[in-house]
Amino acid sequence: MYSDPKPSFSFLILLFLCLQPLIFSLSTDASPPPTVCIVGSGIGGSSVAHFLRHYFHPSPSQPRPPNIKIFERSYVVGGRMATVSIGGETFEAGASILHPKNYHALNYSNLLGLKVKPPPASEDDDSMSLGIWDGKKFDFKTLQVDSKFPLLQKIVSYVNSFRIFFRYGFSLLKMGSFVEVFVLFIAFLFLPKKSTVDSFLKYYESPERRPIFETVDEMLKWAGLYNLTTQTLQDELIGIKLSPLLIEELVTVITRINYGQSVYISGLAGAVSLAGSGGGLWSVDGGNWQMASGLINSSDVSLHLNEEIESISYLGEYYELNSTKRNSYSCEVAVVATPLDEVNIRFSPAVSIPERKLQHTHATFVRGLLNPAYFGLRTVAEIPELVGTLEDPDLPFTCISVLKQLDENDTTYKIFSREPMSDALLDSIFSARLQTNRINWGAYPHYKAPELFAPFILDGQHLYYVNAFENAASTMETSAVAAENVARLILSRYFSEASLQSSNLQSFSPDADVSHFDL
């Protein structure tokens, strides 16, 4: 019996249908996932990597998550978060404190199993002594007592609160309407109207209720914070009728400590600075840099340490990054997560951003003993644990604080100054120096109202700039907030995830227990 050796047409169709999933799978596997290159391993760069991983969900057009590369010009991660060792103890050398409502940082700590600790007693204790130094004398000093009895310490604290209130009056209460803050020893919180902190909390709302922002201006206007960047902190405080003495002394001391600048900084940066002087502040035990390290380790990142990127070129379909090691990398998306003000990255085509200067803070750590004669005092015990200064270009430092007292002749201090502290100057301030460490930080922008902002998208394509937000305020948390927005921007523009509504996106509730936050 004759049989036709050719397969039937219906059989060929059936065979094609059976093999179609395999063919699709092979073609999909053959197409590598896109690559995102991030320049900078600080809290901004590590947060972008973290949020890209947690917000990404597969789609038919992008079934696989992106490859992520992070480039760090230093030999360690962390950016402006770093520690220094003095006398066998570890202290924060860069970004030091976090606010109790810094929910991204709290989430990172919980997610990574990091131990949270309060600041040293000298930074967050009612018994801390404060002195306001004008270069020749203390204009104001709180009472201090060397006693281990809690009741006596509490009495002294109440007396100091009364003395501060007597000096500055009801202006202290008015400041509570401008920003939620305990001002050093003030034990009362007054919020008669919406505070700056409350406005900032809008950035933790559910993603379904929160837009994705292409510009910093949009981001600030949505939260009701933009106007604070258009005039100085001094103008804002005069507007709510704070007393000139409070602005000249206490507010100036705070802005000089936190931003190394006067009350002429822009209003939002000033409000953030005041919030940084409040109660409930915290840090990560062992160093805040561990947040960046942990986020990078948990985000499946290819990390390139000690490799500085010197050029970023857009070549139509992708970006080419060239490093000082003569290596070349191709990426579909490029993210700059370091201030462009003092790096030499060449862009092709060129990008345009507002000119900006960084405010340098020189952090000098000294193990030794202060010289009471320098302050016109007889004994070291009379010197306040925190010496703040007024705005005077002739003053050689902005503040001196006690980090840890080992014994009455051996104490570790931290000094902030706008210029380097010479050995001769230190020898006049200290009667003894056992160890001295110096660090020069390009710490934050030099704020000047009205602020101008670089865009988050530098070229209209897929080149992003996290640090554009720093002209509003510069903190670890604001960097994380900006990074979260940039990650959402990347996913919505490159990966076409317009809604970004997935189980990975959980909102932050300011009233919830932070130990139960989930990303």
# chains A, B, ... in the order shown; residues from 1 in each chain; ligands from 1
$ select_by_dssp --residues "region 68-140 of chain A" --states "strand (DSSP E or B)" --output "number ranges by chain"
A: 68-71, 83-86, 89-92, 98, 116-117, 130-133, 138-140
$ write_last_selection --atoms "N, CA, C and O atoms" --output "PDB file, in the first residue's frame"
ATOM      1  N   ILE A  68      22.573  46.113  36.986  1.00  0.00           N
ATOM      2  CA  ILE A  68      22.920  47.386  37.617  1.00  0.00           C
ATOM      3  C   ILE A  68      24.412  47.393  37.929  1.00  0.00           C
ATOM      4  O   ILE A  68      24.932  46.466  38.561  1.00  0.00           O
ATOM      5  N   LYS A  69      25.076  48.439  37.463  1.00  0.00           N
ATOM      6  CA  LYS A  69      26.484  48.647  37.773  1.00  0.00           C
ATOM      7  C   LYS A  69      26.619  49.949  38.563  1.00  0.00           C
ATOM      8  O   LYS A  69      26.008  50.949  38.205  1.00  0.00           O
ATOM      9  N   ILE A  70      27.426  49.918  39.621  1.00  0.00           N
ATOM     10  CA  ILE A  70      27.703  51.123  40.405  1.00  0.00           C
ATOM     11  C   ILE A  70      29.200  51.402  40.353  1.00  0.00           C
ATOM     12  O   ILE A  70      30.013  50.507  40.575  1.00  0.00           O
ATOM     13  N   PHE A  71      29.531  52.661  40.077  1.00  0.00           N
ATOM     14  CA  PHE A  71      30.932  53.079  39.980  1.00  0.00           C
ATOM     15  C   PHE A  71      31.244  54.050  41.113  1.00  0.00           C
ATOM     16  O   PHE A  71      30.529  55.031  41.315  1.00  0.00           O
ATOM     17  N   THR A  83      33.204  57.119  58.668  1.00  0.00           N
ATOM     18  CA  THR A  83      33.555  57.136  60.094  1.00  0.00           C
ATOM     19  C   THR A  83      35.042  57.411  60.256  1.00  0.00           C
ATOM     20  O   THR A  83      35.829  57.286  59.314  1.00  0.00           O
ATOM     21  N   VAL A  84      35.418  57.770  61.477  1.00  0.00           N
ATOM     22  CA  VAL A  84      36.804  58.003  61.823  1.00  0.00           C
ATOM     23  C   VAL A  84      37.073  57.324  63.156  1.00  0.00           C
ATOM     24  O   VAL A  84      36.182  57.277  64.020  1.00  0.00           O
ATOM     25  N   SER A  85      38.264  56.774  63.329  1.00  0.00           N
ATOM     26  CA  SER A  85      38.628  56.104  64.580  1.00  0.00           C
ATOM     27  C   SER A  85      39.573  56.995  65.375  1.00  0.00           C
ATOM     28  O   SER A  85      40.623  57.405  64.867  1.00  0.00           O
ATOM     29  N   ILE A  86      39.173  57.285  66.594  1.00  0.00           N
ATOM     30  CA  ILE A  86      39.979  58.096  67.505  1.00  0.00           C
ATOM     31  C   ILE A  86      40.072  57.353  68.835  1.00  0.00           C
ATOM     32  O   ILE A  86      39.058  57.035  69.445  1.00  0.00           O
ATOM     33  N   GLU A  89      37.906  54.345  69.418  1.00  0.00           N
ATOM     34  CA  GLU A  89      36.458  54.537  69.281  1.00  0.00           C
ATOM     35  C   GLU A  89      36.145  54.979  67.853  1.00  0.00           C
ATOM     36  O   GLU A  89      36.953  55.647  67.195  1.00  0.00           O
ATOM     37  N   THR A  90      34.947  54.607  67.384  1.00  0.00           N
ATOM     38  CA  THR A  90      34.504  54.974  66.044  1.00  0.00           C
ATOM     39  C   THR A  90      33.446  56.065  66.135  1.00  0.00           C
ATOM     40  O   THR A  90      32.477  55.948  66.886  1.00  0.00           O
ATOM     41  N   PHE A  91      33.633  57.130  65.344  1.00  0.00           N
ATOM     42  CA  PHE A  91      32.702  58.256  65.338  1.00  0.00           C
ATOM     43  C   PHE A  91      32.316  58.584  63.904  1.00  0.00           C
ATOM     44  O   PHE A  91      33.084  58.358  62.961  1.00  0.00           O
ATOM     45  N   GLU A  92      31.113  59.133  63.738  1.00  0.00           N
ATOM     46  CA  GLU A  92      30.678  59.600  62.425  1.00  0.00           C
ATOM     47  C   GLU A  92      31.541  60.789  62.016  1.00  0.00           C
ATOM     48  O   GLU A  92      31.703  61.746  62.768  1.00  0.00           O
ATOM     49  N   LEU A  98      20.122  61.379  61.963  1.00  0.00           N
ATOM     50  CA  LEU A  98      18.872  61.165  61.236  1.00  0.00           C
ATOM     51  C   LEU A  98      17.701  61.552  62.128  1.00  0.00           C
ATOM     52  O   LEU A  98      17.758  61.404  63.345  1.00  0.00           O
ATOM     53  N   VAL A 116      20.096  50.530  65.454  1.00  0.00           N
ATOM     54  CA  VAL A 116      19.907  51.976  65.571  1.00  0.00           C
ATOM     55  C   VAL A 116      20.303  52.407  66.971  1.00  0.00           C
ATOM     56  O   VAL A 116      19.997  51.731  67.956  1.00  0.00           O
ATOM     57  N   LYS A 117      20.990  53.534  67.059  1.00  0.00           N
ATOM     58  CA  LYS A 117      21.391  54.042  68.369  1.00  0.00           C
ATOM     59  C   LYS A 117      21.098  55.534  68.445  1.00  0.00           C
ATOM     60  O   LYS A 117      21.077  56.232  67.415  1.00  0.00           O
ATOM     61  N   LEU A 130      25.486  74.199  76.768  1.00  0.00           N
ATOM     62  CA  LEU A 130      25.611  74.962  75.527  1.00  0.00           C
ATOM     63  C   LEU A 130      26.206  76.323  75.824  1.00  0.00           C
ATOM     64  O   LEU A 130      25.829  76.987  76.806  1.00  0.00           O
ATOM     65  N   GLY A 131      27.118  76.750  74.967  1.00  0.00           N
ATOM     66  CA  GLY A 131      27.656  78.099  75.045  1.00  0.00           C
ATOM     67  C   GLY A 131      27.668  78.737  73.676  1.00  0.00           C
ATOM     68  O   GLY A 131      27.984  78.073  72.681  1.00  0.00           O
ATOM     69  N   ILE A 132      27.297  80.013  73.599  1.00  0.00           N
ATOM     70  CA  ILE A 132      27.311  80.757  72.339  1.00  0.00           C
ATOM     71  C   ILE A 132      28.492  81.720  72.393  1.00  0.00           C
ATOM     72  O   ILE A 132      28.498  82.675  73.172  1.00  0.00           O
ATOM     73  N   TRP A 133      29.498  81.475  71.584  1.00  0.00           N
ATOM     74  CA  TRP A 133      30.783  82.159  71.626  1.00  0.00           C
ATOM     75  C   TRP A 133      30.857  83.212  70.512  1.00  0.00           C
ATOM     76  O   TRP A 133      30.548  82.920  69.354  1.00  0.00           O
ATOM     77  N   PHE A 138      31.541  84.361  75.970  1.00  0.00           N
ATOM     78  CA  PHE A 138      30.287  83.637  75.783  1.00  0.00           C
ATOM     79  C   PHE A 138      29.129  84.615  75.991  1.00  0.00           C
ATOM     80  O   PHE A 138      28.942  85.152  77.083  1.00  0.00           O
ATOM     81  N   ASP A 139      28.357  84.843  74.930  1.00  0.00           N
ATOM     82  CA  ASP A 139      27.176  85.694  75.063  1.00  0.00           C
ATOM     83  C   ASP A 139      26.105  85.020  75.903  1.00  0.00           C
ATOM     84  O   ASP A 139      25.302  85.693  76.550  1.00  0.00           O
ATOM     85  N   PHE A 140      26.108  83.693  75.864  1.00  0.00           N
ATOM     86  CA  PHE A 140      25.114  82.943  76.646  1.00  0.00           C
ATOM     87  C   PHE A 140      25.693  81.570  76.958  1.00  0.00           C
ATOM     88  O   PHE A 140      26.329  80.934  76.115  1.00  0.00           O
TER      89      PHE A 140
END
$ residues_around --residues "Asn297 (chain A)" --least-positions-apart "6" --cutoff "12 Å" --atoms "only C-alpha atoms" --output "list of chain:residue names"
A:Ser41, A:Ser46, A:Ser47, A:Ala49, A:His50, A:Arg53, A:Ile68, A:Lys69, A:Ile70, A:Val77, A:Leu112, A:Gln290, A:Met291, A:Leu303
$ write_last_selection --atoms "N, CA, C and O atoms" --output "CSV table (one decimal), in the first residue's frame"
chain,number,residue,atom,x,y,z
A,41,SER,N,28.3,55.8,45.0
A,41,SER,CA,27.8,54.7,45.9
A,41,SER,C,27.4,55.2,47.2
A,41,SER,O,27.3,54.5,48.2
A,46,SER,N,23.0,54.2,46.0
A,46,SER,CA,22.6,52.9,46.6
A,46,SER,C,21.1,52.8,46.7
A,46,SER,O,20.5,51.7,46.5
A,47,SER,N,20.4,53.9,46.9
A,47,SER,CA,18.9,54.0,47.0
A,47,SER,C,18.3,53.8,45.6
A,47,SER,O,17.3,53.1,45.5
A,49,ALA,N,19.6,52.0,43.2
A,49,ALA,CA,19.7,50.5,42.9
A,49,ALA,C,18.6,49.8,43.7
A,49,ALA,O,18.0,48.9,43.2
A,50,HIS,N,18.5,50.1,45.0
A,50,HIS,CA,17.5,49.4,45.8
A,50,HIS,C,16.1,49.6,45.3
A,50,HIS,O,15.4,48.6,45.2
A,53,ARG,N,15.3,47.6,42.1
A,53,ARG,CA,15.1,46.2,42.3
A,53,ARG,C,13.7,45.9,42.9
A,53,ARG,O,13.1,45.0,42.5
A,68,ILE,N,22.6,46.1,37.0
A,68,ILE,CA,22.9,47.4,37.6
A,68,ILE,C,24.4,47.4,37.9
A,68,ILE,O,24.9,46.5,38.6
A,69,LYS,N,25.1,48.4,37.5
A,69,LYS,CA,26.5,48.6,37.8
A,69,LYS,C,26.6,49.9,38.6
A,69,LYS,O,26.0,50.9,38.2
A,70,ILE,N,27.4,49.9,39.6
A,70,ILE,CA,27.7,51.1,40.4
A,70,ILE,C,29.2,51.4,40.4
A,70,ILE,O,30.0,50.5,40.6
A,77,VAL,N,32.5,52.3,49.8
A,77,VAL,CA,31.2,52.9,49.5
A,77,VAL,C,30.8,53.8,50.6
A,77,VAL,O,31.4,53.9,51.7
A,112,LEU,N,17.8,45.9,56.6
A,112,LEU,CA,19.2,45.3,56.6
A,112,LEU,C,19.6,44.8,58.0
A,112,LEU,O,20.8,44.3,58.1
A,290,GLN,N,26.8,52.0,56.5
A,290,GLN,CA,26.4,50.6,56.4
A,290,GLN,C,25.0,50.6,55.6
A,290,GLN,O,24.7,49.5,55.1
A,291,MET,N,24.3,51.7,55.7
A,291,MET,CA,23.0,51.7,54.9
A,291,MET,C,23.3,51.5,53.4
A,291,MET,O,22.7,50.7,52.7
A,303,LEU,N,29.6,46.1,41.5
A,303,LEU,CA,30.2,47.2,42.1
A,303,LEU,C,31.7,47.4,41.6
A,303,LEU,O,32.5,46.5,41.7
$ atom_distance --atom1 "CA of Leu52 (chain A)" --atom2 "CA of Cys37 (chain A)"
11.8 Å
$ closest_residue --among "A:Pro455, A:Gly40, A:Gly442, A:Gly94" --to "Gly287 (chain A)" --atoms "only C-alpha atoms"
A:Gly94
$ residues_around --residues "Val253 (chain A)" --least-positions-apart "5" --cutoff "8 Å" --atoms "only C-alpha atoms" --output "PyMOL selection string"
chain A and resi 132+388-390+398
$ residues_around --residues "region 470-480 of chain A" --least-positions-apart "5" --cutoff "6 Å" --atoms "only C-alpha atoms" --output "ChimeraX atom specification"
/A:44,47,102,269
$ closest_residue --among "A:Ala334, A:Leu489, A:Val481, A:Leu295" --to "Asn110 (chain A)" --atoms "only C-alpha atoms"
A:Leu295
$ select_by_dssp --residues "region 90-305 of chain A" --states "helix (DSSP H, G or I)" --output "PyMOL selection string"
chain A and resi 103-112+150-168+171-178+196-204+207-209+216-223+226-229+233-239+244-259+267-275+289-297
$ atom_distance --atom1 "CA of Glu307 (chain A)" --atom2 "CA of Lys325 (chain A)"
6.6 Å
$ residues_around --residues "Val263 (chain A)" --least-positions-apart "3" --cutoff "8 Å" --atoms "only C-alpha atoms" --output "short mmCIF file (atom, residue, chain, number, x, y, z; two decimals) with N, CA and C atoms, in the first residue's frame"
data_model
loop_
_atom_site.label_atom_id
_atom_site.label_comp_id
_atom_site.auth_asym_id
_atom_site.auth_seq_id
_atom_site.Cartn_x
_atom_site.Cartn_y
_atom_site.Cartn_z
N THR A 232 15.12 83.74 51.87
CA THR A 232 16.07 83.27 52.87
C THR A 232 15.37 82.81 54.13
N LEU A 233 16.11 82.03 54.91
CA LEU A 233 15.60 81.61 56.21
C LEU A 233 15.33 82.83 57.08
N GLN A 234 16.21 83.81 57.04
CA GLN A 234 16.00 85.01 57.85
C GLN A 234 14.68 85.69 57.49
N ILE A 247 17.13 84.94 66.20
CA ILE A 247 17.70 84.66 64.88
C ILE A 247 19.21 84.83 64.90
N VAL A 251 19.34 80.51 66.26
CA VAL A 251 19.13 79.99 64.91
C VAL A 251 20.44 80.00 64.13
N THR A 252 21.23 81.05 64.29
CA THR A 252 22.52 81.12 63.61
C THR A 252 23.44 80.00 64.05
N THR A 255 22.24 76.78 62.20
CA THR A 255 22.54 76.71 60.76
C THR A 255 24.04 76.60 60.51
N GLY A 270 17.08 75.92 55.58
CA GLY A 270 17.10 76.38 56.96
C GLY A 270 16.15 75.61 57.84
#
$ residues_around --residues "region 350-361 of chain A" --least-positions-apart "3" --cutoff "7 Å" --atoms "only C-alpha atoms" --output "PyMOL selection string"
chain A and resi 260+341+347+416-418+440-446+452-454+458-459
$ residues_around --residues "region 32-35 of chain A" --least-positions-apart "2" --cutoff "6 Å" --atoms "only C-alpha atoms" --output "list in words"
Arg64, Pro66, Asn67, Ile68, Cys331 and Glu332 of chain A
$ write_last_selection --atoms "all heavy atoms" --output "mmCIF file, in the first residue's frame"
data_model
loop_
_atom_site.group_PDB
_atom_site.id
_atom_site.type_symbol
_atom_site.label_atom_id
_atom_site.label_comp_id
_atom_site.auth_asym_id
_atom_site.auth_seq_id
_atom_site.Cartn_x
_atom_site.Cartn_y
_atom_site.Cartn_z
ATOM 1 N N ARG A 64 12.832 40.627 32.077
ATOM 2 C CA ARG A 64 13.953 40.421 32.999
ATOM 3 C C ARG A 64 14.382 41.742 33.627
ATOM 4 O O ARG A 64 14.365 42.785 32.974
ATOM 5 C CB ARG A 64 15.126 39.788 32.251
ATOM 6 C CG ARG A 64 14.793 38.412 31.677
ATOM 7 C CD ARG A 64 15.847 37.957 30.688
ATOM 8 N NE ARG A 64 17.144 37.775 31.318
ATOM 9 C CZ ARG A 64 18.251 37.437 30.643
ATOM 10 N NH1 ARG A 64 18.200 37.267 29.342
ATOM 11 N NH2 ARG A 64 19.383 37.279 31.279
ATOM 12 N N PRO A 66 16.772 44.726 35.112
ATOM 13 C CA PRO A 66 17.996 45.276 34.532
ATOM 14 C C PRO A 66 19.238 44.833 35.292
ATOM 15 O O PRO A 66 19.191 44.501 36.478
ATOM 16 C CB PRO A 66 17.788 46.791 34.674
ATOM 17 C CG PRO A 66 16.890 46.934 35.866
ATOM 18 C CD PRO A 66 15.971 45.750 35.814
ATOM 19 N N ASN A 67 20.341 44.804 34.576
ATOM 20 C CA ASN A 67 21.639 44.709 35.234
ATOM 21 C C ASN A 67 21.976 46.083 35.807
ATOM 22 O O ASN A 67 21.690 47.113 35.186
ATOM 23 C CB ASN A 67 22.731 44.281 34.250
ATOM 24 C CG ASN A 67 22.513 42.880 33.719
ATOM 25 O OD1 ASN A 67 22.114 41.984 34.455
ATOM 26 N ND2 ASN A 67 22.778 42.691 32.435
ATOM 27 N N ILE A 68 22.573 46.113 36.986
ATOM 28 C CA ILE A 68 22.920 47.386 37.617
ATOM 29 C C ILE A 68 24.412 47.393 37.929
ATOM 30 O O ILE A 68 24.932 46.466 38.561
ATOM 31 C CB ILE A 68 22.108 47.620 38.907
ATOM 32 C CG1 ILE A 68 20.605 47.621 38.615
ATOM 33 C CG2 ILE A 68 22.516 48.932 39.573
ATOM 34 C CD1 ILE A 68 19.740 47.761 39.855
ATOM 35 N N CYS A 331 25.618 51.246 28.643
ATOM 36 C CA CYS A 331 24.407 51.180 29.463
ATOM 37 C C CYS A 331 23.256 51.858 28.727
ATOM 38 O O CYS A 331 23.454 52.888 28.078
ATOM 39 C CB CYS A 331 24.578 51.887 30.814
ATOM 40 S SG CYS A 331 26.243 51.989 31.428
ATOM 41 N N GLU A 332 22.091 51.270 28.853
ATOM 42 C CA GLU A 332 20.897 51.899 28.283
ATOM 43 C C GLU A 332 20.425 53.081 29.124
ATOM 44 O O GLU A 332 19.808 54.010 28.613
ATOM 45 C CB GLU A 332 19.777 50.868 28.163
ATOM 46 C CG GLU A 332 19.926 49.895 27.003
ATOM 47 C CD GLU A 332 21.026 48.861 27.227
ATOM 48 O OE1 GLU A 332 21.412 48.631 28.395
ATOM 49 O OE2 GLU A 332 21.513 48.286 26.239
#
$ decode --residues "region 479-491 of chain A" --atoms "N, CA, C and O atoms" --output "compact mmCIF listing (two decimals), in the first residue's frame"
# COMPACT_ATOMS: atom_id res chain seq x y z
N SER A 479 18.25 62.75 50.02
CA SER A 479 18.89 62.00 48.93
C SER A 479 18.11 60.73 48.62
O SER A 479 17.95 60.36 47.46
N ALA A 480 17.64 60.04 49.66
CA ALA A 480 16.86 58.82 49.45
C ALA A 480 15.52 59.14 48.79
O ALA A 480 15.06 58.40 47.92
N VAL A 481 14.88 60.23 49.20
CA VAL A 481 13.61 60.63 48.59
C VAL A 481 13.80 60.95 47.11
O VAL A 481 13.01 60.54 46.26
N ALA A 482 14.86 61.69 46.79
CA ALA A 482 15.14 62.00 45.39
C ALA A 482 15.45 60.74 44.59
O ALA A 482 15.01 60.59 43.45
N ALA A 483 16.21 59.82 45.20
CA ALA A 483 16.58 58.58 44.52
C ALA A 483 15.35 57.72 44.24
O ALA A 483 15.25 57.09 43.17
N GLU A 484 14.43 57.69 45.18
CA GLU A 484 13.20 56.91 44.97
C GLU A 484 12.41 57.47 43.79
O GLU A 484 11.88 56.72 42.96
N ASN A 485 12.35 58.79 43.68
CA ASN A 485 11.65 59.40 42.55
C ASN A 485 12.37 59.09 41.24
O ASN A 485 11.72 58.79 40.22
N VAL A 486 13.71 59.15 41.24
CA VAL A 486 14.47 58.85 40.03
C VAL A 486 14.26 57.40 39.60
O VAL A 486 14.11 57.11 38.41
N ALA A 487 14.23 56.49 40.56
CA ALA A 487 13.99 55.07 40.22
C ALA A 487 12.62 54.90 39.58
O ALA A 487 12.47 54.18 38.57
N ARG A 488 11.61 55.55 40.13
CA ARG A 488 10.27 55.49 39.53
C ARG A 488 10.25 56.12 38.15
O ARG A 488 9.55 55.66 37.23
N LEU A 489 11.03 57.20 38.00
CA LEU A 489 11.12 57.88 36.70
C LEU A 489 11.73 56.96 35.65
O LEU A 489 11.24 56.88 34.51
N ILE A 490 12.78 56.25 36.02
CA ILE A 490 13.42 55.31 35.10
C ILE A 490 12.45 54.22 34.69
O ILE A 490 12.31 53.88 33.50
N LEU A 491 11.77 53.65 35.67
CA LEU A 491 10.84 52.54 35.37
C LEU A 491 9.68 53.01 34.51
O LEU A 491 9.21 52.28 33.63
